[in-house]
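See below for the structure under consideration.
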Amino acid sequence: MKQVLQNLRDGRTEVVDVPAPAARPGHLLIRSRRTLVSAGTERMLVEFGKAGWIGKARQQPEKVRAVLDKIRVDGVAATVEAVLNKLHQPLPLGYCNIGTVLVGDPARGFHPGDRVVSNGRHAEIVNVPVNLCARVPDGVDDDTAAFTVLGAVALQGIRLLEPTLGECVVVTGLGLVGLMAVQLLRGNGCRVLALDFDAHKLQLARSLGAEVFDLSTGVEPAVAARDFSRGRGVDAVLVAATTTSDEPIRQAAEMARKRGRIVLVGQTGLHLSRASFYEKELAFRVSCSYGPGRHDPSYESQGVDYPIGYVRWTEQRNFEAVLDMMSAGVLSTAGLISHRFAVADAAAAYELLTDATTASLGIVLDYGPEAAPATPARAVPVTAGPPVRRSGKPVVGFIGGGGYASGVLIPAFKAGGVRLKTVVSREGISAVTAARRHGFATASSDVEAILNDDDIDVVVVATRHDSHADLVVRALAAGKHVFVEKPLAIDEPQVDAVVEAYRQSRCRGAVPILGVGLNRRFSPLITRAAGLLAPIREPKALVMTINAGAIPGDHWVHDPVEGGGRVVGECCHFVDVLRHLAAAPIVSAEATFAPSPTRDTLSATFRFADGTIATLHYLANGCRAYPKERLEVFAAGRVLAIDNFHSLQGYGWSGFRRLRLWRQDKGQTACVAAFLEAVAGRRECHIPVDELVEVARTCIAISRAGTGDAELRSANG
């Protein structure tokens with residue numbers, strides 16, 4: 001199917017053939033009929049992409065600070081790689097979609113054939129959470145319905161503005177949101193003064209019942225606002241402009257009466273004058289998109305609605321309200337469409353959008369007649385490539401093509417000389433991107449395309465944590481070697497399922513290699529440290545300090561169902577390193593957590609079978625400018641210290657003082673190389689499976705410390 005993507009490196013807009021997404025629980029699978037280009041938001045994205053490095057830095061100074069911190073901590077080379085990998089991921093454009101339901105959710109009242117609006121992308125087939133969809137009344141045509149989401153943006157800003165009947169309100173910025181806001185305010189019984197530089201938009205606003213003021217005259221709008229408000233100052237200002245200037249907010253403060261209200265629905269500079277706001281006691285609010293629920297994973301992704309008695313107007317209910325007003329004729333989009341393109345010509349639409357010499361307003365993308373194929377293929381060929389079988393090299397399929405897979409794991413497998421055949425991602429976009437970048441033959445959105453392919457020997461799992469164990473079990477059952485990005489599993493039943501699948505696969509006569517991306521033990525610094533420690537027969541003491549940094553509480557990694565928490569998802573790296581250097585089984589583990597809803601600041605202690613002890617400090621309350629990882633080993637009157645995988649310092653070692661790398665190396669490439677050696681039969685295993693299981697069970701146990709459900713089970717438990 002066709003989808004519109006934005007390249008953030010150079011600003012190119014492309015229409016790309018990508019696999020169609022699969023139906024998912026709690027979502028609607030929708031065939032697009034029309035989508036509307038959001039002139040303000042999408043123009044900014046395109047202009048950001050087209051900007052050079054200096055221009056990008058000026059637009060996002062907070063990202064520049066983060067990059068500088070990373071350079072200080074991790075070095076230039078690692079930072080440049082990380083930035084380039086981020087920019088390699090294209091951005092899917094669009095969020096104003098009207099289409100026909102292919103796979104519905106009858107329990108929520110959506111059935112195949114229903115026309116619905118959603119915040120779906122510019123793509124022939126979209127998969128949208130049910131709470132971000134609304135049915136279209138019969139009297140509303142497709143062109144009108146395409147404006148619903150932007151109408152909801154305007155409506156939510158007005159709800160925050162809290163206008164009352166008869167008030168005088170200024171709308172600054174007459175893009176699509178501003179022009180719809182004019183109509184909604186007029187429908188609410190308000191007098192409206194509309195401001196813009198564009199004569200055509202001002203004419204449209206006048207036709208919708210507003211008084212207008214031309215900002216291009218250079219006259220202060222406060223003068224017009226004073227006359228409009230009969231000398232009292234306007235009651236409220238809705239700022240719908242998109243600009244880097246602070247002028248719209250300054251002007252709003254000048255125009256407003258004492259205790260007036262200002263709401264920002266656009267994007268402007270925000271260097272506010274305290275005096276203006278202080279003297280008038282102005283209220284200033286920033287509206288968040290389409291309404292309550294926006295950016296809340298439980299509402300948007302998990303389908304948990306807010307009770308109407310407590311939250312009357314959610315995103316979905318705002319969509320419904322806009323559609324009702326369209327159906328009643330209160331909200332009209334006549335005259336708002338300036339251009340129309342077939343989706344195949346979307347690149348031309350975006351050239352028009354950023355062309356300062358050509359006026360545009362509402363740009364609609366058309367997806368063709370209903371007779372077009374309703375279910376495009378879930379796999380697309382990307383490169384012809386050499387024959388699948390080549391000199392006995394393993395053939396690899398990737399499940400997951402996101403930033404880490406594309407930036408780290410796939411290059412590491414390519415370095416091992418494998419044949420890359422198929423890459424799969426849930427929505428298909430990252431699969432196509434990874435395939436084009438790295439030379440996969442096929443991109444798909446169907447996991448079965450890998451599991452049922454007899455040519456594929458190795459399955460790499462690089463998805464979110466909750467799916468790891470299930471995909472490992474299915475790949476083992478299909479007779480594949482499996483490399484899974486950490487963690488192996490996020491709860492005990494998942495560990496048990498993996499252990500059983502591994503045992504069963506061996507019982508069938510296969511000898512599968514199971515690898516997990518616990519790469520730290522393969523770092524050259526850890527390898528050297530392990531070699532120095534190998535002759536020592538007495539217990540050791542290990543101290544590992546991880547300056548992990550905070551992750552927002554609503555990030556998926558904290559979700560106990562999807563991510564399993566940071567202890568299970570990331571601490572497994574460090575528990576594995578301690579287990580590797582101790583070279584003995586873990587016999588006990590305890591953890592103490594600092595009070596925190598995210599439970600990601602803790603100290604854990606471990607005791608090993610040979611008497612070795614270890615302490616892991618995993619800290620989310622530090623500063624990112626400080627190095628992330630430090631390991632100290634005390635043994636037999638000697639000390640080893642590893643600083644952030646840059647250097648290894650020895651104290652008291654005969655013949656060894658220091659090993660310093662030219663760049664940070666956390667062992668990712670060596671980890672994959674070891675796995676491929678095991679697949680080729682040149683080593684017995686990647687990491688002993690009993691150690692993989694031991695580390696997984698230990699992390700799961702310590703993540704539950706203090707919850708009343710903490711138990712350390714042995715690797716064979």
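Just remember, in the structure tokens the first chain shown is A, the second B, etc., residues are 1-based per chain, and ligands are 1-based in the order shown.
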
Listing only residues of region 10-30 of chain A within 9 Å of region 436-450 of chain A, what is the closest atom pair and its distance in Å (to one decimal) for each, using only C-alpha atoms, sorted by chain and residue number ascending, as a tab-separated table?
```
residue	atom	partner	partner_atom	distance
A:Val18	CA	A:Ala443	CA	7.5
A:Pro19	CA	A:Ser444	CA	5.4
A:Ala20	CA	A:Ser445	CA	6.7
A:Pro21	CA	A:Ser445	CA	5.9
A:Ala22	CA	A:Ser445	CA	6.9
```

**Item:** Spatial neighbours of region 644-646 of chain A, 9 Å, only C-alpha atoms, chain gap at least 5 places, as a VMD selection string
**Value:** chain A and resid 73 to 75 520 523 to 526 627 to 631 659 to 666

**Request:** Find the residues near region 322-326 of chain A: any atom within 9 Å, counting only C-alpha atoms, skip ones fewer than 2 places away on the same chain, and give them as a ChimeraX atom specification.
**Result:** /A:134-137,139-140,144-145,148-149,151-152,155,184,317-320,328-333

How would the residues just picked look written out with N, CA and C atoms as a PDB file, in the first residue's frame?
```pdb
ATOM      1  N   ALA A 134     -14.392   8.039  15.282  1.00  0.00           N
ATOM      2  CA  ALA A 134     -15.800   8.400  15.481  1.00  0.00           C
ATOM      3  C   ALA A 134     -16.553   8.153  14.175  1.00  0.00           C
ATOM      4  N   ARG A 135     -17.784   7.652  14.294  1.00  0.00           N
ATOM      5  CA  ARG A 135     -18.608   7.392  13.113  1.00  0.00           C
ATOM      6  C   ARG A 135     -19.075   8.698  12.479  1.00  0.00           C
ATOM      7  N   VAL A 136     -19.148   8.702  11.156  1.00  0.00           N
ATOM      8  CA  VAL A 136     -19.545   9.894  10.398  1.00  0.00           C
ATOM      9  C   VAL A 136     -21.040   9.833  10.109  1.00  0.00           C
ATOM     10  N   PRO A 137     -21.794  10.862  10.465  1.00  0.00           N
ATOM     11  CA  PRO A 137     -23.221  10.882  10.122  1.00  0.00           C
ATOM     12  C   PRO A 137     -23.431  10.843   8.611  1.00  0.00           C
ATOM     13  N   GLY A 139     -25.225  12.537   6.678  1.00  0.00           N
ATOM     14  CA  GLY A 139     -25.323  13.816   5.987  1.00  0.00           C
ATOM     15  C   GLY A 139     -24.011  14.557   5.818  1.00  0.00           C
ATOM     16  N   VAL A 140     -22.913  13.991   6.309  1.00  0.00           N
ATOM     17  CA  VAL A 140     -21.608  14.654   6.219  1.00  0.00           C
ATOM     18  C   VAL A 140     -20.783  13.950   5.145  1.00  0.00           C
ATOM     19  N   THR A 144     -15.908  17.083   3.852  1.00  0.00           N
ATOM     20  CA  THR A 144     -16.181  17.817   5.093  1.00  0.00           C
ATOM     21  C   THR A 144     -15.644  17.053   6.297  1.00  0.00           C
ATOM     22  N   ALA A 145     -15.886  15.746   6.337  1.00  0.00           N
ATOM     23  CA  ALA A 145     -15.467  14.935   7.480  1.00  0.00           C
ATOM     24  C   ALA A 145     -13.955  14.942   7.663  1.00  0.00           C
ATOM     25  N   THR A 148     -12.504  16.982  10.531  1.00  0.00           N
ATOM     26  CA  THR A 148     -12.984  16.744  11.892  1.00  0.00           C
ATOM     27  C   THR A 148     -11.892  16.894  12.936  1.00  0.00           C
ATOM     28  N   VAL A 149     -10.754  16.310  12.701  1.00  0.00           N
ATOM     29  CA  VAL A 149      -9.703  16.328  13.723  1.00  0.00           C
ATOM     30  C   VAL A 149      -9.215  17.750  13.975  1.00  0.00           C
ATOM     31  N   GLY A 151     -10.964  20.358  13.450  1.00  0.00           N
ATOM     32  CA  GLY A 151     -12.078  20.998  14.138  1.00  0.00           C
ATOM     33  C   GLY A 151     -12.061  20.705  15.628  1.00  0.00           C
ATOM     34  N   ALA A 152     -11.666  19.483  15.984  1.00  0.00           N
ATOM     35  CA  ALA A 152     -11.574  19.129  17.400  1.00  0.00           C
ATOM     36  C   ALA A 152     -10.449  19.888  18.091  1.00  0.00           C
ATOM     37  N   LEU A 155     -11.990  23.161  18.761  1.00  0.00           N
ATOM     38  CA  LEU A 155     -13.016  23.028  19.790  1.00  0.00           C
ATOM     39  C   LEU A 155     -12.407  22.898  21.180  1.00  0.00           C
ATOM     40  N   LEU A 184     -17.064  28.174  15.331  1.00  0.00           N
ATOM     41  CA  LEU A 184     -17.499  27.592  16.605  1.00  0.00           C
ATOM     42  C   LEU A 184     -17.807  28.686  17.626  1.00  0.00           C
ATOM     43  N   ARG A 317     -15.086  12.166  22.045  1.00  0.00           N
ATOM     44  CA  ARG A 317     -16.348  12.897  22.158  1.00  0.00           C
ATOM     45  C   ARG A 317     -16.250  14.283  21.515  1.00  0.00           C
ATOM     46  N   ASN A 318     -15.051  14.867  21.471  1.00  0.00           N
ATOM     47  CA  ASN A 318     -14.860  16.106  20.705  1.00  0.00           C
ATOM     48  C   ASN A 318     -15.031  15.846  19.206  1.00  0.00           C
ATOM     49  N   PHE A 319     -14.488  14.706  18.711  1.00  0.00           N
ATOM     50  CA  PHE A 319     -14.708  14.346  17.305  1.00  0.00           C
ATOM     51  C   PHE A 319     -16.210  14.279  17.019  1.00  0.00           C
ATOM     52  N   GLU A 320     -16.934  13.593  17.902  1.00  0.00           N
ATOM     53  CA  GLU A 320     -18.373  13.429  17.699  1.00  0.00           C
ATOM     54  C   GLU A 320     -19.091  14.781  17.698  1.00  0.00           C
ATOM     55  N   ALA A 328     -25.320  19.462  11.346  1.00  0.00           N
ATOM     56  CA  ALA A 328     -26.353  20.478  11.568  1.00  0.00           C
ATOM     57  C   ALA A 328     -26.125  21.742  10.754  1.00  0.00           C
ATOM     58  N   GLY A 329     -24.994  21.836  10.050  1.00  0.00           N
ATOM     59  CA  GLY A 329     -24.709  23.015   9.252  1.00  0.00           C
ATOM     60  C   GLY A 329     -24.101  24.164  10.029  1.00  0.00           C
ATOM     61  N   VAL A 330     -23.800  23.950  11.318  1.00  0.00           N
ATOM     62  CA  VAL A 330     -23.176  25.000  12.130  1.00  0.00           C
ATOM     63  C   VAL A 330     -21.722  25.201  11.730  1.00  0.00           C
ATOM     64  N   LEU A 331     -21.060  24.109  11.349  1.00  0.00           N
ATOM     65  CA  LEU A 331     -19.636  24.163  10.979  1.00  0.00           C
ATOM     66  C   LEU A 331     -19.514  23.782   9.515  1.00  0.00           C
ATOM     67  N   SER A 332     -19.059  24.721   8.703  1.00  0.00           N
ATOM     68  CA  SER A 332     -18.949  24.508   7.259  1.00  0.00           C
ATOM     69  C   SER A 332     -17.484  24.537   6.837  1.00  0.00           C
ATOM     70  N   THR A 333     -17.135  23.651   5.910  1.00  0.00           N
ATOM     71  CA  THR A 333     -15.772  23.656   5.371  1.00  0.00           C
ATOM     72  C   THR A 333     -15.765  24.143   3.920  1.00  0.00           C
TER      73      THR A 333
END
```

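Interatomic distance, CA of Phe522 (chain A) against CA of Gly667 (chain A): 4.7 Å.
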
**Request:** Fewer than 6 positions away in the same chain doesn't count, so skip those; otherwise give me all residues within 7 Å of Pro92 (chain A), counting only C-alpha atoms, as a ChimeraX atom specification.
**Result:** /A:4-6,121

Export N, CA and C atoms of the chosen residues as a PDB file, in the first residue's frame?
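Written output follows (out_20.pdb):
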```
ATOM      1  N   VAL A   4       2.640   8.074   3.013  1.00  0.00           N
ATOM      2  CA  VAL A   4       3.446   9.287   2.881  1.00  0.00           C
ATOM      3  C   VAL A   4       4.395   9.372   4.074  1.00  0.00           C
ATOM      4  N   LEU A   5       5.702   9.475   3.782  1.00  0.00           N
ATOM      5  CA  LEU A   5       6.732   9.526   4.812  1.00  0.00           C
ATOM      6  C   LEU A   5       7.593  10.765   4.631  1.00  0.00           C
ATOM      7  N   GLN A   6       8.082  11.272   5.755  1.00  0.00           N
ATOM      8  CA  GLN A   6       8.935  12.465   5.762  1.00  0.00           C
ATOM      9  C   GLN A   6      10.334  12.081   6.205  1.00  0.00           C
ATOM     10  N   ARG A 121      -2.935   8.135   9.663  1.00  0.00           N
ATOM     11  CA  ARG A 121      -1.915   8.774   8.818  1.00  0.00           C
ATOM     12  C   ARG A 121      -2.365   8.887   7.364  1.00  0.00           C
TER      13      ARG A 121
END
```

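For the pair CA of Glu162 (chain A) and CA of Ser287 (chain A), the separation is 12.2 Å.
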
**Å distance separating CA of Thr592 (chain A) from CA of Thr615 (chain A), one decimal place** =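 According to the coordinates, CA of Thr592 (chain A) and CA of Thr615 (chain A) are separated by 11.2 Å.
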
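The shortest atom-to-atom distance to Leu361 (chain A), with only C-alpha atoms taken into account, belongs to A:Leu204 out of A:Leu204, A:Val46, A:Val237, A:Ile262.
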
**Prompt:** Tell me, which residues of region 370-540 of chain A carry DSSP alpha helix (DSSP H), written as a ChimeraX atom specification?
**Reply:** /A:403-404,410-415,429-438,448-451,468-477,492-507,524-533

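When only C-alpha atoms are used to measure the gap to Leu161 (chain A), the shortest distance among A:Asp198, A:Asp227, A:Asp559, A:Asp235 belongs to A:Asp235.
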
**Fill in**
Using only C-alpha atoms, the best pick from A:Ala469, A:Val343, A:Val396, A:Ala497 as closest to Leu409 (chain A) would be A:Val396

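Residues lying within 12 Å of Val219 (chain A), counting only C-alpha atoms and ignoring same-chain neighbours fewer than 5 positions away, are Leu195, Phe197, Phe213, Asp214, Ala224, Ala225 and Gln251 of chain A.
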
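Residues of region 354-436 of chain A that DSSP places in strand (DSSP E or B), based on the backbone of this structure, are A:Gly362, A:Ile363, A:Val364, A:Leu365, A:Asp366, A:Ala379, A:Val380, A:Pro381, A:Val395, A:Val396, A:Gly397, A:Phe398, A:Ile399, A:Arg419, A:Leu420, A:Lys421, A:Thr422, A:Val423, A:Val424.
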